[in-house]
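Engineer: Pasting target.txt below, which is compact mmCIF, C-alpha atoms and all ligand atoms.
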```txt
# COMPACT_ATOMS: atom_id res chain seq x y z
CA MET A 1 -226.09 10.12 -127.14
CA SER A 2 -224.91 7.37 -129.47
CA HIS A 3 -227.02 6.28 -132.44
CA LYS A 4 -225.48 2.82 -132.52
CA ARG A 5 -227.24 -0.15 -130.97
CA ARG A 6 -225.48 -1.16 -127.76
CA VAL A 7 -224.62 -4.56 -126.32
CA ILE A 8 -222.45 -5.60 -123.37
CA ILE A 9 -220.13 -8.55 -124.02
CA GLY A 10 -218.47 -10.37 -121.11
CA VAL A 11 -215.70 -12.84 -121.86
CA THR A 12 -214.93 -15.37 -119.11
CA GLY A 13 -212.42 -18.17 -118.62
CA ALA A 14 -214.21 -21.08 -120.25
CA SER A 15 -212.54 -22.68 -123.23
CA GLY A 16 -213.68 -21.33 -126.60
CA GLY A 17 -212.08 -17.91 -127.06
CA ILE A 18 -213.00 -18.20 -130.73
CA TYR A 19 -216.69 -17.93 -129.78
CA ALA A 20 -215.93 -14.55 -128.18
CA ILE A 21 -213.97 -13.33 -131.19
CA ARG A 22 -216.59 -14.34 -133.76
CA THR A 23 -219.45 -12.93 -131.66
CA ILE A 24 -217.72 -9.58 -131.12
CA ARG A 25 -216.83 -9.45 -134.84
CA ALA A 26 -220.46 -10.14 -135.79
CA PHE A 27 -221.85 -7.39 -133.55
CA LEU A 28 -219.24 -4.91 -134.87
CA ILE A 29 -220.00 -5.70 -138.50
CA HIS A 30 -223.68 -5.16 -137.74
CA GLY A 31 -222.89 -1.69 -136.40
CA PHE A 32 -223.15 -2.26 -132.65
CA GLU A 33 -221.31 -0.37 -129.95
CA VAL A 34 -219.79 -3.26 -127.99
CA HIS A 35 -219.21 -2.64 -124.28
CA LEU A 36 -216.52 -5.18 -123.49
CA VAL A 37 -215.43 -6.74 -120.18
CA VAL A 38 -212.86 -9.53 -120.06
CA SER A 39 -212.30 -11.51 -116.85
CA ASP A 40 -208.82 -12.53 -115.65
CA TYR A 41 -209.20 -16.10 -116.88
CA GLY A 42 -211.09 -14.91 -119.95
CA ASN A 43 -207.98 -13.02 -120.98
CA PHE A 44 -205.77 -16.01 -120.14
CA VAL A 45 -207.82 -18.31 -122.38
CA LEU A 46 -207.97 -15.78 -125.24
CA LYS A 47 -204.20 -15.41 -125.17
CA ASP A 48 -203.63 -19.15 -124.89
CA GLU A 49 -206.12 -20.29 -127.54
CA CYS A 50 -206.22 -17.34 -129.93
CA GLY A 51 -203.00 -15.40 -129.31
CA ILE A 52 -204.72 -12.07 -128.61
CA ASP A 53 -204.63 -9.82 -125.56
CA LEU A 54 -207.91 -7.90 -125.44
CA ARG A 55 -207.03 -6.32 -122.11
CA ASN A 56 -203.64 -4.84 -122.89
CA ASP A 57 -203.77 -4.20 -126.64
CA GLU A 58 -206.18 -1.83 -128.38
CA PRO A 59 -209.26 -4.03 -129.08
CA MET A 60 -210.43 -2.27 -132.26
CA GLU A 61 -206.94 -2.54 -133.71
CA ILE A 62 -206.93 -6.29 -133.00
CA PHE A 63 -210.26 -6.72 -134.80
CA ARG A 64 -209.24 -4.47 -137.71
CA LYS A 65 -206.05 -6.48 -138.21
CA MET A 66 -207.97 -9.76 -138.16
CA PHE A 67 -211.06 -8.80 -140.16
CA GLY A 68 -210.39 -5.54 -142.02
CA TYR A 69 -212.25 -2.25 -141.98
CA ASP A 70 -215.77 -3.81 -141.94
CA VAL A 71 -215.57 -3.98 -138.15
CA GLU A 72 -215.41 -0.18 -138.01
CA SER A 73 -219.16 -0.03 -138.63
CA GLY A 74 -219.21 -0.70 -134.89
CA ALA A 75 -217.22 0.50 -131.90
CA ILE A 76 -215.68 -1.01 -128.76
CA VAL A 77 -215.70 0.49 -125.28
CA ARG A 78 -213.56 -1.54 -122.90
CA TYR A 79 -214.00 -1.75 -119.10
CA ASN A 80 -211.96 -3.01 -116.18
CA PHE A 81 -213.33 -6.31 -114.83
CA ARG A 82 -213.08 -5.02 -111.22
CA ASP A 83 -214.49 -1.54 -111.76
CA LEU A 84 -217.95 -1.64 -110.23
CA THR A 85 -218.26 2.13 -110.73
CA ALA A 86 -218.39 1.63 -114.53
CA ARG A 87 -221.47 2.92 -116.42
CA ILE A 88 -222.62 -0.58 -117.36
CA SER A 89 -223.00 -1.54 -113.69
CA SER A 90 -226.04 0.75 -113.45
CA GLY A 91 -229.54 0.16 -114.77
CA SER A 92 -229.54 3.80 -115.94
CA PHE A 93 -227.10 2.87 -118.75
CA GLU A 94 -229.24 2.25 -121.83
CA VAL A 95 -228.29 -1.00 -123.52
CA GLU A 96 -230.25 -3.76 -125.26
CA GLY A 97 -228.70 -6.55 -123.27
CA MET A 98 -225.63 -8.63 -122.56
CA VAL A 99 -223.91 -11.74 -123.84
CA ILE A 100 -221.39 -13.73 -121.83
CA VAL A 101 -219.29 -15.68 -124.32
CA PRO A 102 -217.85 -18.06 -123.44
CA CYS A 103 -219.47 -18.33 -120.00
CA SER A 104 -217.75 -20.39 -117.29
CA VAL A 105 -219.73 -22.35 -114.71
CA LYS A 106 -218.13 -20.13 -112.07
CA THR A 107 -219.67 -16.99 -113.61
CA LEU A 108 -222.95 -18.90 -114.14
CA SER A 109 -222.98 -19.56 -110.41
CA GLY A 110 -222.08 -15.97 -109.53
CA ILE A 111 -225.06 -14.68 -111.52
CA ALA A 112 -227.50 -17.41 -110.39
CA ASN A 113 -226.70 -16.54 -106.78
CA GLY A 114 -226.77 -12.77 -107.20
CA ILE A 115 -223.15 -12.27 -106.10
CA SER A 116 -222.27 -9.27 -108.34
CA SER A 117 -218.65 -9.29 -107.17
CA ASN A 118 -217.16 -8.22 -110.52
CA LEU A 119 -218.34 -6.16 -113.49
CA ILE A 120 -219.49 -9.17 -115.54
CA GLU A 121 -221.66 -10.58 -112.73
CA ARG A 122 -222.98 -7.13 -111.83
CA SER A 123 -223.87 -6.13 -115.41
CA ALA A 124 -225.65 -9.46 -115.89
CA ASP A 125 -227.58 -8.94 -112.64
CA VAL A 126 -228.60 -5.48 -113.85
CA CYS A 127 -229.81 -6.88 -117.20
CA LEU A 128 -232.05 -9.34 -115.38
CA LYS A 129 -233.50 -6.76 -113.00
CA GLU A 130 -234.13 -4.36 -115.90
CA ASN A 131 -235.75 -7.10 -117.99
CA ARG A 132 -233.12 -6.90 -120.73
CA THR A 133 -231.83 -9.76 -122.84
CA LEU A 134 -229.12 -11.80 -121.11
CA VAL A 135 -227.49 -14.62 -123.10
CA LEU A 136 -225.08 -17.08 -121.51
CA VAL A 137 -222.95 -19.09 -123.96
CA LEU A 138 -222.08 -21.74 -121.42
CA ARG A 139 -219.12 -24.09 -122.05
CA GLU A 140 -218.53 -27.04 -119.79
CA THR A 141 -218.95 -30.77 -120.12
CA PRO A 142 -220.11 -32.96 -118.46
CA LEU A 143 -222.45 -30.91 -116.29
CA ASN A 144 -223.04 -31.63 -112.60
CA LEU A 145 -226.25 -31.02 -110.67
CA ILE A 146 -224.99 -27.66 -109.38
CA HIS A 147 -224.46 -26.39 -112.94
CA ILE A 148 -227.88 -27.64 -114.00
CA GLN A 149 -229.62 -26.09 -110.99
CA ASN A 150 -227.87 -22.76 -111.65
CA MET A 151 -229.03 -22.89 -115.27
CA LEU A 152 -232.58 -23.62 -114.13
CA MET A 153 -232.51 -20.70 -111.70
CA LEU A 154 -231.31 -18.33 -114.42
CA ALA A 155 -233.80 -19.63 -116.98
CA HIS A 156 -236.55 -18.86 -114.43
CA ALA A 157 -235.06 -15.38 -113.97
CA GLY A 158 -235.29 -14.72 -117.71
CA ALA A 159 -231.78 -15.47 -119.00
CA LYS A 160 -231.25 -17.34 -122.27
CA ILE A 161 -228.97 -20.34 -121.86
CA LEU A 162 -227.25 -20.85 -125.23
CA PRO A 163 -224.77 -23.73 -124.83
CA ALA A 164 -221.64 -23.59 -127.01
CA SER A 165 -223.03 -26.48 -128.99
CA PRO A 166 -222.81 -25.83 -132.73
CA ALA A 167 -224.85 -27.85 -135.22
CA PHE A 168 -223.43 -29.65 -138.22
CA TYR A 169 -226.31 -29.43 -140.72
CA GLN A 170 -224.80 -26.24 -142.15
CA LYS A 171 -221.73 -28.33 -143.18
CA PRO A 172 -219.00 -26.40 -141.33
CA LYS A 173 -215.54 -26.51 -142.90
CA THR A 174 -213.57 -24.43 -140.41
CA PHE A 175 -213.51 -23.61 -136.69
CA GLU A 176 -214.76 -20.15 -137.73
CA ASP A 177 -217.82 -21.74 -139.37
CA LEU A 178 -218.57 -23.59 -136.11
CA ALA A 179 -218.15 -20.45 -133.99
CA ASP A 180 -220.23 -18.39 -136.44
CA PHE A 181 -223.13 -20.76 -135.88
CA ILE A 182 -223.09 -19.76 -132.21
CA ALA A 183 -222.49 -16.06 -133.01
CA GLY A 184 -225.48 -16.22 -135.37
CA LYS A 185 -227.70 -17.77 -132.71
CA VAL A 186 -226.72 -14.94 -130.34
CA LEU A 187 -227.46 -12.27 -132.96
CA SER A 188 -230.86 -13.84 -133.66
CA LEU A 189 -231.76 -13.41 -129.97
CA PHE A 190 -231.06 -9.68 -130.46
CA LYS A 191 -233.29 -9.74 -133.58
CA VAL A 192 -230.39 -9.00 -135.92
CA GLU A 193 -230.68 -10.41 -139.45
CA HIS A 194 -227.47 -12.13 -140.48
CA ASN A 195 -225.84 -14.62 -142.84
CA LEU A 196 -223.49 -16.19 -140.32
CA TYR A 197 -224.66 -19.67 -141.20
CA LYS A 198 -226.87 -21.27 -143.79
CA LYS A 199 -230.33 -21.84 -142.36
CA TRP A 200 -231.85 -25.30 -142.62
CA GLY A 201 -233.69 -25.71 -145.91
CA GLU A 202 -231.87 -22.76 -147.55
CA GLU A 203 -230.34 -23.37 -151.00
CA GLU A 204 -226.53 -23.30 -151.46
C1 LIG B 1 -207.19 -23.45 -119.92
C2 LIG B 1 -208.44 -23.37 -119.08
C3 LIG B 1 -209.63 -23.81 -119.62
C4 LIG B 1 -210.81 -23.74 -118.86
N1 LIG B 1 -211.99 -24.15 -119.42
C5 LIG B 1 -213.14 -24.03 -118.74
C6 LIG B 1 -214.36 -24.37 -119.36
O1 LIG B 1 -214.43 -24.80 -120.51
N2 LIG B 1 -215.52 -24.17 -118.64
C7 LIG B 1 -215.49 -23.64 -117.38
O2 LIG B 1 -216.57 -23.45 -116.81
N3 LIG B 1 -214.33 -23.33 -116.75
C8 LIG B 1 -213.15 -23.50 -117.41
N4 LIG B 1 -211.97 -23.13 -116.81
C9 LIG B 1 -211.98 -22.70 -115.41
C10 LIG B 1 -212.27 -21.22 -115.25
O3 LIG B 1 -211.34 -20.43 -115.97
C11 LIG B 1 -212.22 -20.84 -113.75
O4 LIG B 1 -213.28 -21.47 -113.06
C12 LIG B 1 -212.25 -19.36 -113.50
O5 LIG B 1 -212.30 -19.13 -112.11
C13 LIG B 1 -213.42 -18.70 -114.16
O6 LIG B 1 -213.48 -17.35 -113.77
P1 LIG B 1 -214.28 -16.28 -114.64
O7 LIG B 1 -215.63 -16.85 -114.86
O8 LIG B 1 -214.30 -15.05 -113.78
O9 LIG B 1 -213.49 -16.07 -115.89
C14 LIG B 1 -210.78 -23.22 -117.54
C15 LIG B 1 -209.55 -22.78 -117.01
C16 LIG B 1 -208.40 -22.85 -117.76
C17 LIG B 1 -207.11 -22.37 -117.15
```
For the structure just supplied, provide its representation as structure tokens.
Ligand SMILES: Cc1cc2nc3c(=O)[nH]c(=O)nc-3n(C[C@H](O)[C@H](O)[C@H](O)COP(=O)(O)O)c2cc1C

Structural biologist:
Amino acid sequence: MSHKRRVIIGVTGASGGIYAIRTIRAFLIHGFEVHLVVSDYGNFVLKDECGIDLRNDEPMEIFRKMFGYDVESGAIVRYNFRDLTARISSGSFEVEGMVIVPCSVKTLSGIANGISSNLIERSADVCLKENRTLVLVLRETPLNLIHIQNMLMLAHAGAKILPASPAFYQKPKTFEDLADFIAGKVLSLFKVEHNLYKKWGEEE
């Protein structure tokens, strides 16, 4: 039995691979065991935008190379996107919740309609039925009525819709600052104290 806090992170094929990287980094630095699933298009976007291959290379090595040994406070367990026999597809697996970052409108729809046809949709469905935190960092614009109705359905079902919509009052200077605003908002939903961005009203 692990003593680390556990979170599932699903990465799907919406633009914004940097949101995934900064969120995984933040959970690792805060000592979480990250249970990671990357969709086909999630991996495509990560390779295209960020030059990393989380499916084929060793994920902890990727994070250590990028961010140093701080990430080793946490751990990564990686799963196959199609493996519905994985531990995280069962409610008996003890985990605090799940974040899908970035979340495509296709995966939003799969969850809103209870499809569970891959490990990301299934794990999200399990989080909802077990009353665990489910955070969807949705990235699409503009939104059509189908997207909005799917968001409404999931908000009713207890999911947190956290659009990839960083603020600017913390005076971001880099893409990493922008992505850390979103990573920080996710961590706050898991009641993790962090310094990923300067809170409004805080001194320099
Ligand atoms: C380069 C690229 C960027 C994309 N960006 C988005 C996006 O921002 N939002 C979105 O919902 N879908 C986006 N898509 C489409 C999804 O990748 C596609 O719908 C895919 O089927 C999603 O599957 P998944 O949710 O299983 O990863 C993008 C696709 C590509 C190739």

Engineer: Neighbours of ligand LIG 1 (chain B) at 7 Å or closer, counting only C-alpha atoms and all ligand atoms: which residues, as a PyMOL selection string?

Structural biologist: chain A and resi 12-15+39-42+45+103-107+139-140

Engineer: If you count all atoms listed in the file, which residues fall within 8 Å of A:Leu28, apart from same-chain ones fewer than 2 positions away, as a PDB file with C-alpha atoms, keeping the file's coordinate frame?

Structural biologist:
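Contents of out-v4.pdb, freshly written:
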```pdb
ATOM      1  CA  ILE A  24    -217.720  -9.580-131.120  1.00  0.00           C
ATOM      2  CA  ARG A  25    -216.830  -9.450-134.840  1.00  0.00           C
ATOM      3  CA  ALA A  26    -220.460 -10.140-135.790  1.00  0.00           C
ATOM      4  CA  HIS A  30    -223.680  -5.160-137.740  1.00  0.00           C
ATOM      5  CA  GLY A  31    -222.890  -1.690-136.400  1.00  0.00           C
ATOM      6  CA  PHE A  32    -223.150  -2.260-132.650  1.00  0.00           C
ATOM      7  CA  GLU A  33    -221.310  -0.370-129.950  1.00  0.00           C
ATOM      8  CA  VAL A  34    -219.790  -3.260-127.990  1.00  0.00           C
ATOM      9  CA  ASP A  70    -215.770  -3.810-141.940  1.00  0.00           C
ATOM     10  CA  VAL A  71    -215.570  -3.980-138.150  1.00  0.00           C
ATOM     11  CA  GLU A  72    -215.410  -0.180-138.010  1.00  0.00           C
ATOM     12  CA  SER A  73    -219.160  -0.030-138.630  1.00  0.00           C
ATOM     13  CA  GLY A  74    -219.210  -0.700-134.890  1.00  0.00           C
ATOM     14  CA  ALA A  75    -217.220   0.500-131.900  1.00  0.00           C
TER      15      ALA A  75
END
```

Engineer: Could you please determine the separation between atom CA of A:Tyr197 and atom CA of A:Phe181 in Å, to one decimal place?

Structural biologist: 5.6 Å

Engineer: Can you tell me, as a PyMOL selection string, what residues are no more than 12 Å from A:Gly51 when counting all atoms listed in the file, ignoring any on the same chain fewer than 5 positions away?

Structural biologist: chain A and resi 17-18+21+43-46+57+62+66

Engineer: Counting only C-alpha atoms, which of A:His35, A:Tyr19, A:Leu145, A:Ile182 gets nearest to A:Pro59?

Structural biologist: A:His35

Engineer: Between A:Lys198, A:Glu193, A:Ala124, A:Glu94, which has the minimum distance to A:Phe168 (counting only C-alpha atoms)?

Structural biologist: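 Among the listed residues, the smallest separation from A:Phe168 belongs to A:Lys198.
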
Engineer: Restricting the calculation to only C-alpha atoms: of A:Phe190, A:Ala164, A:Glu176, A:Gly110, which residue gets closest to A:Arg5?

Structural biologist: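 Checking each candidate against A:Arg5, we get A:Phe190 as the closest.
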
Engineer: Pick out the residues sitting within 7 Å of stretch 134-136 of chain A, and hand them over as an MDAnalysis selection string; count all atoms listed in the file, and ignore anything fewer than 4 positions along from it in its own chain.

Structural biologist: chainID A and resid 97:101 103 124 127:128 159:162

Engineer: Could you work out how far atom CA of A:Ala179 lies from atom CA of A:His3, giving the answer in Å with one decimal?

Structural biologist: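 Going from atom CA of A:His3 over to atom CA of A:Ala179, I get 28.2 Å.
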
Engineer: Report, in Å to a single decimal, how far apart atom CA of A:Lys4 and atom CA of A:Ala86 are.

Structural biologist: 19.4 Å

Engineer: Emit as JSON the padded axis-aligned box for all listed atoms of stretch 15-18 of chain A, 8 Å per side, with centre and edge lengths in Å to one decimal.

Structural biologist:
```
{"center_x": -212.9, "center_y": -20.3, "center_z": -127.0, "size_x": 17.6, "size_y": 20.8, "size_z": 23.5}
```

Engineer: Extract, using all atoms listed in the file, all DNA, RNA and protein residues at most 10 Å from A:Ser117, discarding same-chain residues fewer than 3 positions from it, and format them as a VMD selection string.

Structural biologist: chain A and resid 81 to 84 110 to 111 114 120 to 122

Engineer: I need the residue nearest A:Glu202 from this list: A:Leu178, A:Leu154, A:Gln170, A:Ser109. Use all atoms listed in the file for the distance.

Structural biologist: A:Gln170

Engineer: Pick from A:Ile76, A:Ile29, A:Val95, A:Ile8: nearest to A:Glu130, with all atoms listed in the file counted?

Structural biologist: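 Nearest candidate to A:Glu130 out of A:Ile76, A:Ile29, A:Val95, A:Ile8: A:Val95.
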
Engineer: Using only C-alpha atoms, can you tell me which of A:Ala167, A:Ile52, A:Val126, A:Leu108 comes closest to A:Phe93?

Structural biologist: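 Looking only at the distances to A:Phe93, the closest residue turns out to be A:Val126.
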
Engineer: Could you rebuild stretch 176-190 of chain A with N, CA and C atoms and give me the result as a short mmCIF file (atom, residue, chain, number, x, y, z; two decimals), in the coordinates of the input?

Structural biologist:
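Result file follows (result-v3.cif):
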```cif
data_model
loop_
_atom_site.label_atom_id
_atom_site.label_comp_id
_atom_site.auth_asym_id
_atom_site.auth_seq_id
_atom_site.Cartn_x
_atom_site.Cartn_y
_atom_site.Cartn_z
N GLU A 176 -214.01 -21.42 -137.63
CA GLU A 176 -214.76 -20.15 -137.73
C GLU A 176 -216.22 -20.42 -138.10
N ASP A 177 -216.44 -21.39 -139.00
CA ASP A 177 -217.82 -21.74 -139.37
C ASP A 177 -218.58 -22.23 -138.13
N LEU A 178 -217.92 -23.06 -137.32
CA LEU A 178 -218.57 -23.59 -136.11
C LEU A 178 -218.90 -22.45 -135.15
N ALA A 179 -217.93 -21.56 -134.94
CA ALA A 179 -218.15 -20.45 -133.99
C ALA A 179 -219.19 -19.48 -134.53
N ASP A 180 -219.24 -19.31 -135.87
CA ASP A 180 -220.23 -18.39 -136.44
C ASP A 180 -221.66 -18.92 -136.27
N PHE A 181 -221.80 -20.23 -136.16
CA PHE A 181 -223.13 -20.76 -135.88
C PHE A 181 -223.62 -20.23 -134.53
N ILE A 182 -222.73 -20.25 -133.55
CA ILE A 182 -223.09 -19.76 -132.21
C ILE A 182 -223.28 -18.24 -132.24
N ALA A 183 -222.35 -17.53 -132.91
CA ALA A 183 -222.49 -16.06 -133.01
C ALA A 183 -223.83 -15.71 -133.66
N GLY A 184 -224.21 -16.47 -134.68
CA GLY A 184 -225.48 -16.22 -135.37
C GLY A 184 -226.68 -16.44 -134.46
N LYS A 185 -226.61 -17.50 -133.65
CA LYS A 185 -227.70 -17.77 -132.71
C LYS A 185 -227.83 -16.62 -131.71
N VAL A 186 -226.68 -16.07 -131.27
CA VAL A 186 -226.72 -14.94 -130.34
C VAL A 186 -227.36 -13.74 -131.04
N LEU A 187 -226.91 -13.43 -132.26
CA LEU A 187 -227.46 -12.27 -132.96
C LEU A 187 -228.97 -12.41 -133.18
N SER A 188 -229.41 -13.63 -133.46
CA SER A 188 -230.86 -13.84 -133.66
C SER A 188 -231.64 -13.47 -132.40
N LEU A 189 -231.05 -13.75 -131.22
CA LEU A 189 -231.76 -13.41 -129.97
C LEU A 189 -231.85 -11.89 -129.80
N PHE A 190 -230.99 -11.15 -130.48
CA PHE A 190 -231.06 -9.68 -130.46
C PHE A 190 -231.81 -9.16 -131.70
#
```
